[in-house]
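Shown here: protein.cif, mmCIF, C-alpha atoms.
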data_input
#
loop_
_atom_site.label_atom_id
_atom_site.label_comp_id
_atom_site.auth_asym_id
_atom_site.auth_seq_id
_atom_site.Cartn_x
_atom_site.Cartn_y
_atom_site.Cartn_z
CA MET A 24 39.91 9.92 -6.21
CA ALA A 25 43.48 11.02 -5.44
CA ARG A 26 43.87 13.63 -2.75
CA ARG A 27 45.60 16.84 -3.75
CA LYS A 28 48.71 17.58 -1.76
CA VAL A 29 49.84 21.00 -0.59
CA HIS A 30 53.40 21.36 0.66
CA SER A 31 55.53 24.30 1.73
CA THR A 32 59.30 24.64 1.79
CA GLY A 33 61.53 26.45 4.26
CA GLY A 34 62.21 29.02 1.55
CA PHE A 35 58.52 29.93 1.42
CA TRP A 36 58.37 30.69 5.15
CA LEU A 37 61.64 32.62 4.97
CA VAL A 38 60.41 34.84 2.12
CA LEU A 39 56.97 35.28 3.73
CA GLY A 40 58.62 36.42 6.96
CA ALA A 41 60.87 38.77 5.00
CA LEU A 42 57.86 40.23 3.18
CA LEU A 43 56.04 40.79 6.45
CA LEU A 44 59.07 42.67 7.75
CA ALA A 45 59.84 44.63 4.59
CA ALA A 46 56.41 45.37 3.08
CA SER A 47 53.17 46.94 4.19
CA LEU A 48 50.09 44.78 4.68
CA ARG A 49 48.50 46.60 1.75
CA LEU A 50 51.35 45.61 -0.57
CA LEU A 51 51.29 42.06 0.77
CA PHE A 52 47.54 41.81 0.10
CA TRP A 53 47.87 42.86 -3.55
CA PHE A 54 50.91 40.60 -3.95
CA LEU A 55 48.82 37.63 -2.77
CA VAL A 56 46.01 38.61 -5.19
CA ALA A 57 48.55 38.75 -8.05
CA CYS A 58 49.96 35.34 -7.02
CA LEU A 59 46.48 33.81 -6.93
CA VAL A 60 45.66 35.05 -10.46
CA HIS A 61 49.05 33.81 -11.69
CA GLU A 62 48.45 30.31 -10.31
CA LEU A 63 44.90 30.28 -11.68
CA GLY A 64 46.46 30.83 -15.11
CA HIS A 65 48.49 27.62 -14.72
CA TRP A 66 45.53 25.73 -13.27
CA GLY A 67 43.27 26.84 -16.16
CA ALA A 68 45.81 25.70 -18.76
CA ILE A 69 46.25 22.32 -17.07
CA ARG A 70 42.48 21.80 -16.95
CA ALA A 71 42.00 23.00 -20.54
CA LEU A 72 44.53 20.40 -21.71
CA GLY A 73 42.68 17.62 -19.85
CA GLY A 74 45.08 17.34 -16.92
CA ARG A 75 44.69 17.51 -13.16
CA VAL A 76 46.72 19.17 -10.42
CA GLY A 77 48.46 16.57 -8.29
CA GLU A 78 50.55 18.72 -5.96
CA PHE A 79 50.78 22.39 -5.01
CA ARG A 80 54.12 23.40 -3.48
CA LEU A 81 54.79 26.80 -1.87
CA THR A 82 58.44 27.77 -2.40
CA GLY A 83 60.82 30.68 -1.85
CA VAL A 84 59.97 32.24 -5.21
CA GLY A 85 56.25 31.46 -5.27
CA ALA A 86 54.09 28.41 -5.87
CA VAL A 87 54.87 25.43 -8.08
CA ILE A 88 52.06 23.28 -9.46
CA PHE A 89 52.83 19.65 -10.28
CA PRO A 90 50.25 18.11 -12.64
CA ALA A 91 48.94 14.64 -11.82
CA ARG A 92 50.49 12.20 -14.27
CA ALA A 93 47.30 10.42 -15.34
CA ARG A 94 47.85 12.17 -18.68
CA MET A 95 51.33 13.11 -19.84
CA PHE A 96 51.67 16.48 -21.55
CA SER A 97 53.69 16.93 -24.72
CA TYR A 98 56.63 19.33 -24.58
CA TRP A 99 54.58 22.00 -26.37
CA GLU A 100 51.72 21.56 -23.89
CA GLU A 101 54.18 21.86 -20.98
CA CYS A 102 55.41 25.11 -22.53
CA LEU A 103 51.84 26.38 -22.77
CA VAL A 104 51.12 25.49 -19.13
CA ALA A 105 54.32 27.24 -18.02
CA LEU A 106 53.54 30.44 -19.95
CA ALA A 107 49.89 30.56 -18.84
CA GLY A 108 50.86 31.95 -15.39
CA PRO A 109 52.89 34.92 -16.71
CA ALA A 110 50.18 35.54 -19.32
CA ALA A 111 47.56 35.73 -16.55
CA SER A 112 49.82 38.12 -14.59
CA LEU A 113 50.31 40.41 -17.58
CA LEU A 114 46.56 40.42 -18.32
CA LEU A 115 45.88 41.31 -14.68
CA ALA A 116 48.44 44.14 -14.92
CA LEU A 117 46.65 45.51 -18.01
CA ALA A 118 43.24 45.25 -16.33
CA ALA A 119 44.49 46.89 -13.12
CA GLY A 120 46.21 49.62 -15.14
CA SER A 121 42.91 50.38 -16.90
CA TRP A 122 41.18 50.42 -13.51
CA GLY A 123 43.76 52.90 -12.25
CA ARG A 124 43.43 55.13 -15.32
CA TRP A 125 39.64 55.33 -15.02
CA LEU A 126 39.37 55.67 -11.25
CA GLY A 127 42.78 57.05 -10.29
CA SER A 128 43.08 54.38 -7.58
CA GLU A 129 46.43 53.97 -5.85
CA ASP A 130 45.56 50.33 -5.14
CA ALA A 131 45.06 49.72 -8.86
CA TYR A 132 48.52 51.04 -9.67
CA LEU A 133 50.01 48.97 -6.85
CA LEU A 134 48.34 45.83 -8.25
CA THR A 135 49.54 46.75 -11.74
CA GLY A 136 53.15 47.03 -10.60
CA VAL A 137 53.11 43.90 -8.45
CA SER A 138 51.47 41.79 -11.16
CA LEU A 139 53.79 43.09 -13.87
CA VAL A 140 56.90 42.35 -11.78
CA LEU A 141 55.56 38.88 -10.88
CA GLY A 142 54.83 38.03 -14.52
CA LEU A 143 58.17 39.29 -15.86
CA PHE A 144 60.23 37.78 -13.02
CA ASN A 145 58.63 34.39 -13.69
CA LEU A 146 59.75 34.54 -17.33
CA LEU A 147 63.41 34.27 -16.26
CA PRO A 148 64.89 30.92 -17.38
CA ALA A 149 65.86 29.79 -13.85
CA ASP A 150 64.32 26.74 -12.20
CA PRO A 151 61.58 26.66 -10.81
CA LEU A 152 60.40 29.81 -12.61
CA ASP A 153 58.03 29.57 -15.57
CA GLY A 154 60.56 30.79 -18.13
CA SER A 155 62.76 27.86 -17.20
CA ARG A 156 59.91 25.38 -17.63
CA ALA A 157 59.04 26.78 -21.06
CA PHE A 158 62.69 26.94 -22.14
CA ARG A 159 63.35 23.37 -20.98
CA ALA A 160 60.26 22.05 -22.78
CA VAL A 161 61.20 23.72 -26.07
CA PHE A 162 64.86 22.69 -25.83
CA ALA A 163 63.91 19.12 -24.85
CA GLN A 164 61.66 18.93 -27.92
CA LEU A 165 64.48 20.12 -30.17
CA ALA A 166 67.50 18.36 -28.63
CA GLY A 167 66.20 15.75 -26.16
CA PRO A 168 65.20 15.78 -22.45
CA ASP A 169 68.75 15.31 -21.11
CA TRP A 170 69.96 18.45 -22.87
CA GLY A 171 66.90 20.36 -21.67
CA ASP A 172 67.63 19.45 -18.03
CA ARG A 173 71.35 20.21 -18.32
CA LEU A 174 70.84 23.61 -19.91
CA GLU A 175 68.17 24.47 -17.34
CA GLY A 176 70.65 23.69 -14.54
CA VAL A 177 73.37 25.88 -16.09
CA LEU A 178 70.99 28.80 -16.65
CA THR A 179 69.65 28.53 -13.10
CA ARG A 180 73.16 28.73 -11.64
CA VAL A 181 74.14 31.68 -13.85
CA LEU A 182 70.94 33.67 -13.21
CA GLY A 183 70.90 32.76 -9.52
CA GLY A 184 74.46 34.05 -9.21
CA LEU A 185 73.61 37.25 -11.10
CA LEU A 186 70.51 37.88 -8.97
CA LEU A 187 72.51 37.26 -5.81
CA GLY A 188 75.27 39.64 -6.95
CA VAL A 189 72.89 42.40 -8.01
CA GLY A 190 70.82 41.77 -4.88
CA LEU A 191 73.85 42.23 -2.64
CA TRP A 192 74.65 45.49 -4.43
CA VAL A 193 71.02 46.65 -3.97
CA LEU A 194 71.22 45.62 -0.31
CA SER A 195 74.35 47.73 0.20
CA LYS A 196 72.73 50.77 -1.44
CA THR A 197 69.14 50.59 -0.24
CA GLY A 198 68.93 48.01 2.55
CA ASN A 199 66.44 45.93 0.49
CA PHE A 200 67.40 42.25 0.71
CA MET A 201 64.61 40.59 -1.33
CA LEU A 202 66.55 40.20 -4.60
CA ALA A 203 69.60 38.77 -2.81
CA LEU A 204 67.32 36.38 -0.93
CA CYS A 205 65.70 35.15 -4.18
CA GLY A 206 69.06 34.74 -5.93
CA GLY A 207 70.56 32.86 -2.98
CA TRP A 208 67.51 30.61 -2.75
CA LEU A 209 67.67 29.75 -6.47
CA LEU A 210 71.36 28.87 -6.17
CA CYS A 211 70.88 26.74 -3.03
CA ARG A 212 67.93 24.96 -4.59
CA GLU A 213 69.86 24.14 -7.76
CA ILE A 214 72.96 22.95 -5.90
CA LYS A 215 70.75 20.78 -3.70
CA GLY A 216 69.18 19.29 -6.84
CA THR A 217 65.50 19.88 -6.07
CA GLU A 218 62.94 18.00 -8.17
CA ARG A 219 61.96 19.54 -11.50
CA GLY A 220 58.74 19.24 -13.44
CA GLY A 221 56.14 21.67 -12.11
CA ALA A 222 54.64 24.91 -13.33
CA GLY A 223 55.27 28.00 -11.20
#
Translate this structure into structure tokens?
Amino acid sequence: MARRKVHSTGGFWLVLGALLLAASLRLLFWFLVACLVHELGHWGAIRALGGRVGEFRLTGVGAVIFPARARMFSYWEECLVALAGPAASLLLALAAGSWGRWLGSEDAYLLTGVSLVLGLFNLLPADPLDGSRAFRAVFAQLAGPDWGDRLEGVLTRVLGGLLLGVGLWVLSKTGNFMLALCGGWLLCREIKGTERGGAG
């Protein structure tokens, strides 16, 4: 039986440190809960399609799951695995919103907001986010894998640059550096040519 591997990148520790500095422990707790549910969405889709998780990598914009390649997924299945995480996040946001409406809990609204932002952010078509994985799978099915990879690289650079620019503007106005940090990390990762192929 193959051993599952868990790795972390420098970007993960940088963002975790930034979150500890910028956010309350309460916000960080609910953020981790939202991340766990998001990743369980990917894991559930991989298992439902008969696959296994081979590697779990913690990165600057969250976790990336790399399926074990004992069974290759079709492009449509890869798209489904990629979208399962944001779907789980949006379902959690709906459930937490209902919890907040019935009980008036501040924690419920905090979880709603964090989960909604996590799900929507992950739909952006920038590698390694889930929107990029889904977009690449669909485009590879329609035009071939080389075109899927090329377009994913272009979109990652464009969106990374936009996030960095908007993030620097937000930093100058509010002092919040998280968006600039994410945009810069996406750009550096793409320029460095980090491995593709997981589900975030």
* **Polymer residues at most 10 Å from Leu141 of chain A, all atoms listed in the file, same-chain spacing of 3 or more positions, as a count of residues only** => 18
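Distances to Leu59 of chain A were evaluated for A:Leu126, A:Ala111, A:Met95, A:Ala160 using all atoms listed in the file, and the minimum falls at A:Ala111.
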So which residues get picked by the PyMOL selection byres ((chain A and resi 51) around 12) here, written as a PDB file with C-alpha atoms, in the coordinates of the input?
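The resulting file, out_39.pdb, is reproduced below:
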ATOM      1  CA  VAL A  38      60.410  34.840   2.120  1.00  0.00           C
ATOM      2  CA  LEU A  39      56.970  35.280   3.730  1.00  0.00           C
ATOM      3  CA  GLY A  40      58.620  36.420   6.960  1.00  0.00           C
ATOM      4  CA  ALA A  41      60.870  38.770   5.000  1.00  0.00           C
ATOM      5  CA  LEU A  42      57.860  40.230   3.180  1.00  0.00           C
ATOM      6  CA  LEU A  43      56.040  40.790   6.450  1.00  0.00           C
ATOM      7  CA  LEU A  44      59.070  42.670   7.750  1.00  0.00           C
ATOM      8  CA  ALA A  45      59.840  44.630   4.590  1.00  0.00           C
ATOM      9  CA  ALA A  46      56.410  45.370   3.080  1.00  0.00           C
ATOM     10  CA  SER A  47      53.170  46.940   4.190  1.00  0.00           C
ATOM     11  CA  LEU A  48      50.090  44.780   4.680  1.00  0.00           C
ATOM     12  CA  ARG A  49      48.500  46.600   1.750  1.00  0.00           C
ATOM     13  CA  LEU A  50      51.350  45.610  -0.570  1.00  0.00           C
ATOM     14  CA  PHE A  52      47.540  41.810   0.100  1.00  0.00           C
ATOM     15  CA  TRP A  53      47.870  42.860  -3.550  1.00  0.00           C
ATOM     16  CA  PHE A  54      50.910  40.600  -3.950  1.00  0.00           C
ATOM     17  CA  LEU A  55      48.820  37.630  -2.770  1.00  0.00           C
ATOM     18  CA  VAL A  56      46.010  38.610  -5.190  1.00  0.00           C
ATOM     19  CA  ALA A  57      48.550  38.750  -8.050  1.00  0.00           C
ATOM     20  CA  CYS A  58      49.960  35.340  -7.020  1.00  0.00           C
ATOM     21  CA  ASP A 130      45.560  50.330  -5.140  1.00  0.00           C
ATOM     22  CA  LEU A 133      50.010  48.970  -6.850  1.00  0.00           C
ATOM     23  CA  LEU A 134      48.340  45.830  -8.250  1.00  0.00           C
ATOM     24  CA  VAL A 137      53.110  43.900  -8.450  1.00  0.00           C
ATOM     25  CA  SER A 138      51.470  41.790 -11.160  1.00  0.00           C
TER      26      SER A 138
END
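Running the PyMOL selection byres ((chain A and resi 158) around 10) on this file leaves Glu101, Cys102, Ala105, Leu146, Leu147, Pro148, Ala149, Asp153, Gly154, Ser155, Arg156, Ala157, Arg159, Ala160, Val161, Phe162, Ala163, Gln164, Gly171, Asp172, Leu174 and Glu175 of chain A selected.
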Would you list the contacts of Ala68 of chain A as a PDB file with C-alpha atoms, in the frame of the given file, taking every protein, DNA or RNA residue within 7 Å and counting only C-alpha atoms, but skipping same-chain residues closer than 3 positions in sequence?
ATOM      1  CA  GLY A  64      46.460  30.830 -15.110  1.00  0.00           C
ATOM      2  CA  HIS A  65      48.490  27.620 -14.720  1.00  0.00           C
ATOM      3  CA  ALA A  71      42.000  23.000 -20.540  1.00  0.00           C
ATOM      4  CA  LEU A  72      44.530  20.400 -21.710  1.00  0.00           C
ATOM      5  CA  VAL A 104      51.120  25.490 -19.130  1.00  0.00           C
ATOM      6  CA  ALA A 107      49.890  30.560 -18.840  1.00  0.00           C
TER       7      ALA A 107
END
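Residue nearest Arg80 of chain A within the list A:Cys211, A:Val189, A:Val29, A:Ala119: A:Val29 [criterion: smallest interatomic distance, only C-alpha atoms].
As for atom CA of Ser121 of chain A and atom CA of Val140 of chain A, they are spaced 16.9 Å apart.
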Within 12 Å of file point (76.1, 35.5, -10.4), counting all atoms listed in the file, expressed as a PDB file with C-alpha atoms, keeping the file's coordinate frame:
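The new file result-v9.pdb reads:
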ATOM      1  CA  VAL A 177      73.370  25.880 -16.090  1.00  0.00           C
ATOM      2  CA  LEU A 178      70.990  28.800 -16.650  1.00  0.00           C
ATOM      3  CA  THR A 179      69.650  28.530 -13.100  1.00  0.00           C
ATOM      4  CA  ARG A 180      73.160  28.730 -11.640  1.00  0.00           C
ATOM      5  CA  VAL A 181      74.140  31.680 -13.850  1.00  0.00           C
ATOM      6  CA  LEU A 182      70.940  33.670 -13.210  1.00  0.00           C
ATOM      7  CA  GLY A 183      70.900  32.760  -9.520  1.00  0.00           C
ATOM      8  CA  GLY A 184      74.460  34.050  -9.210  1.00  0.00           C
ATOM      9  CA  LEU A 185      73.610  37.250 -11.100  1.00  0.00           C
ATOM     10  CA  LEU A 186      70.510  37.880  -8.970  1.00  0.00           C
ATOM     11  CA  LEU A 187      72.510  37.260  -5.810  1.00  0.00           C
ATOM     12  CA  GLY A 188      75.270  39.640  -6.950  1.00  0.00           C
ATOM     13  CA  VAL A 189      72.890  42.400  -8.010  1.00  0.00           C
ATOM     14  CA  GLY A 190      70.820  41.770  -4.880  1.00  0.00           C
ATOM     15  CA  LEU A 191      73.850  42.230  -2.640  1.00  0.00           C
ATOM     16  CA  TRP A 192      74.650  45.490  -4.430  1.00  0.00           C
ATOM     17  CA  ALA A 203      69.600  38.770  -2.810  1.00  0.00           C
ATOM     18  CA  GLY A 206      69.060  34.740  -5.930  1.00  0.00           C
ATOM     19  CA  GLY A 207      70.560  32.860  -2.980  1.00  0.00           C
ATOM     20  CA  LEU A 209      67.670  29.750  -6.470  1.00  0.00           C
ATOM     21  CA  LEU A 210      71.360  28.870  -6.170  1.00  0.00           C
TER      22      LEU A 210
END
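Proximity to Phe35 of chain A was assessed for A:Leu63, A:Gly73, A:Trp122, A:Ala86 counting all atoms listed in the file; the smallest distance is recorded for A:Ala86.
What separates atom CA of Cys205 of chain A from atom CA of Glu78 of chain A is a distance of 22.4 Å.
Distances from A:Lys196, A:Gly127, A:Trp36, A:Leu143 to Leu114 of chain A were compared using only C-alpha atoms, and the smallest one belongs to A:Leu143.
Distances to Arg75 of chain A were evaluated for A:Leu194, A:Val60, A:Leu106, A:Ala91 using all atoms listed in the file, and the minimum falls at A:Ala91.
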* To do: In Å, rounded to a single decimal, give me how far atom CA of Glu62 of chain A is from atom CA of Gly74 of chain A.
  => 14.9 Å
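Nearest-residue note for Ile69 of chain A: choosing from A:Asp150, A:Asp169, A:Leu81, A:Phe89, the minimum distance belongs to A:Phe89, counting only C-alpha atoms.
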Give the centre and edge lengths of an axis-aligned box, in Å to one decimal, that holds all listed atoms of segment 48-55 of chain A with 5 Å on each side, as lines of an AutoDock Vina configuration file.
center_x = 49.4
center_y = 42.1
center_z = 0.4
size_x = 13.8
size_y = 19.0
size_z = 18.6
